[in-house]
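Enquirer: Sharing a structure, written as structure tokens. Questions coming.
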Amino acid sequence: MQYTRLGRSGLKVSRLCLGTMNMGSKSWKPWIFDESESEPIIGHALDNGVNFIDLADFYSAGAGEEVVCNVLRKLAKRDELVITTKLGYPIGGGVNNGGHSRKHVFDAIEGSLSRMKTDYVDIYMLHYFDTETPIEETMQALDDVVRSGKARYIGVSTMYTWQFARILSVCEQNGWARPINMQLQWNAAYREEEREMIPFCMDQGVGVSVFSPLARGLLSCDMTSIRNQTDFFTHEMYNDTSSRAVARSVASVAEGRGINAAQVAQAWVLGKTEVSSMLVGADNQSQFDSALAALETELDAEEVYEIERNYTPCDVINDYTAGKRIPRDPRPAQGRFAGMQSSVA
């Protein structure tokens, strides 16, 4: 395992972070693993040096935090782990049971800690940017959470760059705890964050954690998986010509290497020096091993071009752009990939 600091903080995390959206309760989504199914995957990740665990109160409506942390208490020492969880999306009833108001921030951290059966979370993250709550109210509340010892650090996820700039500015103006981590969607089929957000994070010394390196399963090139057939977001975000062309190119590179497509797609992400950590949402131990192998897989210039040539601009993926994707067409192949046909449809 490789380890790195998150931005300019002193916190060291594994470059592979265990994503846990697929762990919790099957009543939430059909592809979710229960506790007994999750334990071997979590144990395998820990055995291979993972110390970074990603949670959210939204996953399985809270059951995800409970299930994962039940396993972690059996298999690991709390002080050796870096556990993050997120707040924002509603998981229950009531008009205040969601968003980033001071009330909900305090209610949410108490709920998460109770389900996780721990005294603190290492990184407490905003799941998105709440346009209905003054950012000063949210960031002061998060600063109070840090000062109370219930979170060691704070982080953010999935927003426009200008929104993140507002957050950092408010924190600096008031001397409040500053986010150390930006968690964003980035993969060979979705690269919009390269334009502003990632360079901004580099400039501001904020770590970048990447989720969905396989484009919600598309770049694994397994179109028969339960998730690829049932996950609404996979179809909403990646059901376009360009995304499918990227998948075919990933498959072509994988065939040339004699390795699986997921390893190639993950190697593309991990090869970017801007990436602090990549989330791995493995359904089994072999899928995690693919990500582990990707840490040591270096793609050459022709392979990178073949993967990247298909990409054309699209709408940023966030809560405000659903259903507004721009039709995209890939560039022609060149070099040794010209004329090559992938076996992936």
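In the structure tokens, each chain is lettered A, B, ... as it comes, each chain's residues begin at 1, and ligands are numbered from 1 in order of appearance.
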Which residues of region 69-169 of chain A come within 9 Å of region 190-204 of chain A, and for each one, what is the closest pair of atoms and their distance in Å to one decimal, counting only C-alpha atoms, sorted by chain and residue number, as CSV?

Expert:
residue,atom,partner,partner_atom,distance
A:Met159,CA,A:Met197,CA,8.8
A:Tyr160,CA,A:Met197,CA,7.4
A:Thr161,CA,A:Met197,CA,5.1
A:Trp162,CA,A:Met197,CA,8.7
A:Phe164,CA,A:Met197,CA,8.5
A:Ala165,CA,A:Phe200,CA,8.5
A:Leu168,CA,A:Gln204,CA,8.8

Enquirer: Quick one: residues within 7 Å of region 148-158 of chain A, only C-alpha atoms counted, chain neighbours fewer than 4 positions away excluded, as a VMD selection string?

Expert: chain A and resid 119 to 128 144 178 to 184 318

Enquirer: Any chance you can output those residues with C-alpha atoms as a CSV table (one decimal), in the first residue's frame?

Expert:
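To be explicit, this is the file written out as result13.csv:
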chain,number,residue,atom,x,y,z
A,119,ASP,CA,-16.6,9.2,20.0
A,120,TYR,CA,-15.3,11.0,16.9
A,121,VAL,CA,-15.0,10.9,13.1
A,122,ASP,CA,-11.7,11.7,11.5
A,123,ILE,CA,-13.1,13.8,8.6
A,124,TYR,CA,-16.7,15.1,8.7
A,125,MET,CA,-17.8,16.1,5.2
A,126,LEU,CA,-20.5,18.1,3.5
A,127,HIS,CA,-22.1,15.8,0.9
A,128,TYR,CA,-22.8,18.8,-1.4
A,144,ASP,CA,-17.9,23.9,16.6
A,178,ARG,CA,-10.7,24.7,7.0
A,179,PRO,CA,-11.6,21.7,4.7
A,180,ILE,CA,-8.6,19.4,4.1
A,181,ASN,CA,-10.2,17.2,1.5
A,182,MET,CA,-12.4,17.5,-1.6
A,183,GLN,CA,-14.1,14.3,-2.6
A,184,LEU,CA,-15.1,14.4,-6.3
A,318,ASN,CA,-23.8,17.6,-9.4

Enquirer: At what distance in Å, to one decimal, does CA of Leu142 (chain A) lie from CA of Cys171 (chain A)?

Expert: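 Going from CA of Cys171 (chain A) over to CA of Leu142 (chain A) covers 10.2 Å.
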
Enquirer: Would you kindly return, as a ChimeraX atom specification, each protein, DNA or RNA residue with an atom no farther than 12 Å from any atom of Glu39 (chain A), considering only C-alpha atoms and excluding same-chain residues fewer than 3 positions away?

Expert: /A:20,23-24,33-36,42-47,67-76,282-285

Enquirer: Region 334-339 of chain A: which residues within 12 Å, counting only C-alpha atoms, same-chain residues fewer than 5 positions away excluded, as a PyMOL selection string?

Expert: chain A and resi 248-256+301-310

Enquirer: I need the residues in region 113-325 of chain A that are strand (DSSP E or B) according to DSSP; give them as a compact mmCIF listing (two decimals) with N, CA, C and O atoms, in the first residue's frame.

Expert:
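The result, stored in states_11.txt:
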# COMPACT_ATOMS: atom_id res chain seq x y z
N VAL A 121 -15.32 11.27 14.49
CA VAL A 121 -15.05 10.90 13.11
C VAL A 121 -13.80 11.67 12.69
O VAL A 121 -13.58 12.81 13.13
N ASP A 122 -12.96 11.07 11.89
CA ASP A 122 -11.71 11.74 11.52
C ASP A 122 -11.94 12.91 10.57
O ASP A 122 -11.34 13.97 10.73
N ILE A 123 -12.78 12.71 9.54
CA ILE A 123 -13.12 13.79 8.62
C ILE A 123 -14.64 13.83 8.48
O ILE A 123 -15.26 12.85 8.08
N TYR A 124 -15.23 14.97 8.82
CA TYR A 124 -16.68 15.14 8.69
C TYR A 124 -16.93 16.01 7.46
O TYR A 124 -16.41 17.12 7.36
N MET A 125 -17.72 15.50 6.52
CA MET A 125 -17.79 16.09 5.20
C MET A 125 -19.20 16.54 4.82
O MET A 125 -20.19 15.86 5.15
N LEU A 126 -19.26 17.65 4.10
CA LEU A 126 -20.51 18.08 3.48
C LEU A 126 -20.69 17.27 2.20
O LEU A 126 -19.80 17.21 1.37
N ALA A 151 -15.11 15.73 15.63
CA ALA A 151 -14.47 15.53 14.33
C ALA A 151 -13.06 16.08 14.42
O ALA A 151 -12.84 17.10 15.08
N ARG A 152 -12.11 15.40 13.79
CA ARG A 152 -10.72 15.88 13.78
C ARG A 152 -10.50 16.90 12.68
O ARG A 152 -9.74 17.85 12.84
N TYR A 153 -11.14 16.67 11.53
CA TYR A 153 -11.02 17.55 10.38
C TYR A 153 -12.38 17.65 9.69
O TYR A 153 -13.30 16.89 10.01
N ILE A 154 -12.48 18.57 8.73
CA ILE A 154 -13.68 18.64 7.90
C ILE A 154 -13.28 18.53 6.43
O ILE A 154 -12.13 18.76 6.06
N GLY A 155 -14.28 18.17 5.60
CA GLY A 155 -14.06 18.05 4.17
C GLY A 155 -15.33 18.37 3.43
O GLY A 155 -16.39 18.64 4.04
N VAL A 156 -15.26 18.34 2.11
CA VAL A 156 -16.41 18.68 1.27
C VAL A 156 -16.47 17.73 0.09
O VAL A 156 -15.52 16.99 -0.18
N SER A 157 -17.59 17.77 -0.65
CA SER A 157 -17.75 16.89 -1.79
C SER A 157 -18.70 17.50 -2.81
O SER A 157 -19.66 18.17 -2.44
N ASN A 181 -10.00 18.16 2.57
CA ASN A 181 -10.24 17.16 1.54
C ASN A 181 -11.44 17.54 0.68
O ASN A 181 -12.47 17.97 1.19
N MET A 182 -11.27 17.40 -0.64
CA MET A 182 -12.37 17.52 -1.59
C MET A 182 -12.59 16.15 -2.21
O MET A 182 -11.69 15.58 -2.83
N GLN A 183 -13.78 15.62 -2.04
CA GLN A 183 -14.12 14.33 -2.63
C GLN A 183 -14.96 14.59 -3.87
O GLN A 183 -16.01 15.21 -3.80
N LEU A 184 -14.45 14.14 -5.02
CA LEU A 184 -15.13 14.44 -6.26
C LEU A 184 -15.15 13.24 -7.20
O LEU A 184 -14.36 12.31 -7.07
N GLN A 185 -16.07 13.28 -8.14
CA GLN A 185 -16.18 12.24 -9.15
C GLN A 185 -15.19 12.54 -10.27
O GLN A 185 -15.20 13.63 -10.85
N ASN A 187 -13.06 10.26 -13.48
CA ASN A 187 -12.67 9.02 -14.15
C ASN A 187 -12.47 9.34 -15.62
O ASN A 187 -12.68 10.48 -16.06
N TYR A 190 -15.46 10.95 -17.19
CA TYR A 190 -15.94 12.22 -16.63
C TYR A 190 -14.76 13.01 -16.07
O TYR A 190 -14.23 12.67 -15.01
N GLY A 207 -6.48 18.19 -0.25
CA GLY A 207 -6.36 16.86 -0.82
C GLY A 207 -7.54 16.53 -1.72
O GLY A 207 -8.66 17.02 -1.50
N VAL A 208 -7.30 15.71 -2.73
CA VAL A 208 -8.35 15.29 -3.67
C VAL A 208 -8.56 13.79 -3.54
O VAL A 208 -7.65 13.00 -3.80
N SER A 209 -9.76 13.40 -3.14
CA SER A 209 -10.15 11.99 -3.09
C SER A 209 -11.15 11.74 -4.22
O SER A 209 -12.14 12.47 -4.34
N VAL A 210 -10.89 10.73 -5.01
CA VAL A 210 -11.68 10.47 -6.21
C VAL A 210 -12.64 9.32 -5.98
O VAL A 210 -12.23 8.24 -5.56
N PHE A 211 -13.92 9.55 -6.26
CA PHE A 211 -14.86 8.43 -6.21
C PHE A 211 -15.35 8.11 -7.62
O PHE A 211 -15.21 8.90 -8.55
N SER A 277 -6.13 10.14 -3.02
CA SER A 277 -6.66 8.82 -2.71
C SER A 277 -7.81 8.50 -3.65
O SER A 277 -8.54 9.39 -4.09
N MET A 278 -7.96 7.22 -3.99
CA MET A 278 -9.03 6.76 -4.87
C MET A 278 -9.95 5.82 -4.11
O MET A 278 -9.49 4.85 -3.50
N LEU A 279 -11.25 6.11 -4.13
CA LEU A 279 -12.20 5.24 -3.46
C LEU A 279 -12.42 3.96 -4.27
O LEU A 279 -12.53 4.01 -5.50
N VAL A 280 -12.46 2.85 -3.56
CA VAL A 280 -12.68 1.55 -4.18
C VAL A 280 -13.93 0.93 -3.56
O VAL A 280 -13.94 0.61 -2.38

Enquirer: Have a look at CA of Val316 (chain A) and CA of Glu137 (chain A) and let me know their distance in Å, one decimal.

Expert: 26.3 Å

Enquirer: Residues of region 157-275 of chain A in helix (DSSP H, G or I) according to DSSP, as number ranges by chain?

Expert: A: 161-174, 192-194, 197-204, 218-220, 226-230, 232-238, 241-257, 261-270

Enquirer: So, counting only C-alpha atoms, which residue among A:Ala293, A:Ala61, A:Ile83, A:Ile135 is closest to Gln163 (chain A)?

Expert: A:Ile135

Enquirer: For a test of reading the model, state the distance in Å between CA of Asp222 (chain A) and CA of Asn260 (chain A), rounded to one decimal.

Expert: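 Separation between CA of Asp222 (chain A) and CA of Asn260 (chain A): 10.4 Å.
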
Enquirer: Of the candidates A:Met340, A:Ile53, A:Lys86, A:Arg15, which shows the shortest atom-to-atom distance to Gly271 (chain A), using only C-alpha atoms?

Expert: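 Residue with the minimum atom-to-atom distance to Gly271 (chain A): A:Arg15.
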
Enquirer: Pick out the residues sitting within 9 Å of Met1 (chain A), and hand them over as a PyMOL selection string; count only C-alpha atoms, and ignore anything fewer than 5 positions along from it in its own chain.

Expert: chain A and resi 14-16+48-50+292+295

Enquirer: Mind dumping the selected residues with N, CA, C and O atoms as a CSV table (one decimal), in the first residue's frame?

Expert:
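The new file selection.csv reads:
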chain,number,residue,atom,x,y,z
A,14,SER,N,-4.2,6.0,3.2
A,14,SER,CA,-3.8,5.1,2.1
A,14,SER,C,-4.3,5.7,0.8
A,14,SER,O,-5.4,6.3,0.7
A,15,ARG,N,-3.6,5.4,-0.3
A,15,ARG,CA,-4.0,5.9,-1.6
A,15,ARG,C,-5.3,5.2,-2.1
A,15,ARG,O,-6.0,5.7,-3.0
A,16,LEU,N,-5.5,4.0,-1.5
A,16,LEU,CA,-6.8,3.4,-1.8
A,16,LEU,C,-7.7,3.6,-0.6
A,16,LEU,O,-7.3,3.3,0.6
A,48,ASN,N,-4.6,-5.5,3.5
A,48,ASN,CA,-3.7,-4.9,2.4
A,48,ASN,C,-3.3,-3.5,2.7
A,48,ASN,O,-2.9,-2.8,1.7
A,49,GLY,N,-3.5,-3.0,3.9
A,49,GLY,CA,-3.0,-1.7,4.3
A,49,GLY,C,-3.9,-0.5,4.2
A,49,GLY,O,-3.5,0.6,4.4
A,50,VAL,N,-5.2,-0.7,3.9
A,50,VAL,CA,-6.1,0.4,3.8
A,50,VAL,C,-6.3,0.9,5.2
A,50,VAL,O,-6.6,0.1,6.1
A,292,LEU,N,-5.6,-2.7,-6.2
A,292,LEU,CA,-4.2,-2.8,-5.6
A,292,LEU,C,-3.2,-2.9,-6.7
A,292,LEU,O,-2.1,-2.3,-6.7
A,295,LEU,N,-2.2,0.3,-8.6
A,295,LEU,CA,-1.2,1.2,-8.0
A,295,LEU,C,0.1,1.1,-8.6
A,295,LEU,O,0.9,2.0,-8.7

Enquirer: Considering only C-alpha atoms, state which residue in the set A:Pro90, A:Gly99, A:Gly175, A:Pro213 is at the smallest distance from Ala188 (chain A).

Expert: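 Among the listed residues, the smallest separation from Ala188 (chain A) belongs to A:Pro213.
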
Enquirer: Have a look at A:Arg331, A:Leu55, A:Gln287, A:Gln266 and name the one nearest to Leu113 (chain A); count only C-alpha atoms.

Expert: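 So, comparing all the options, the nearest one is A:Leu55.
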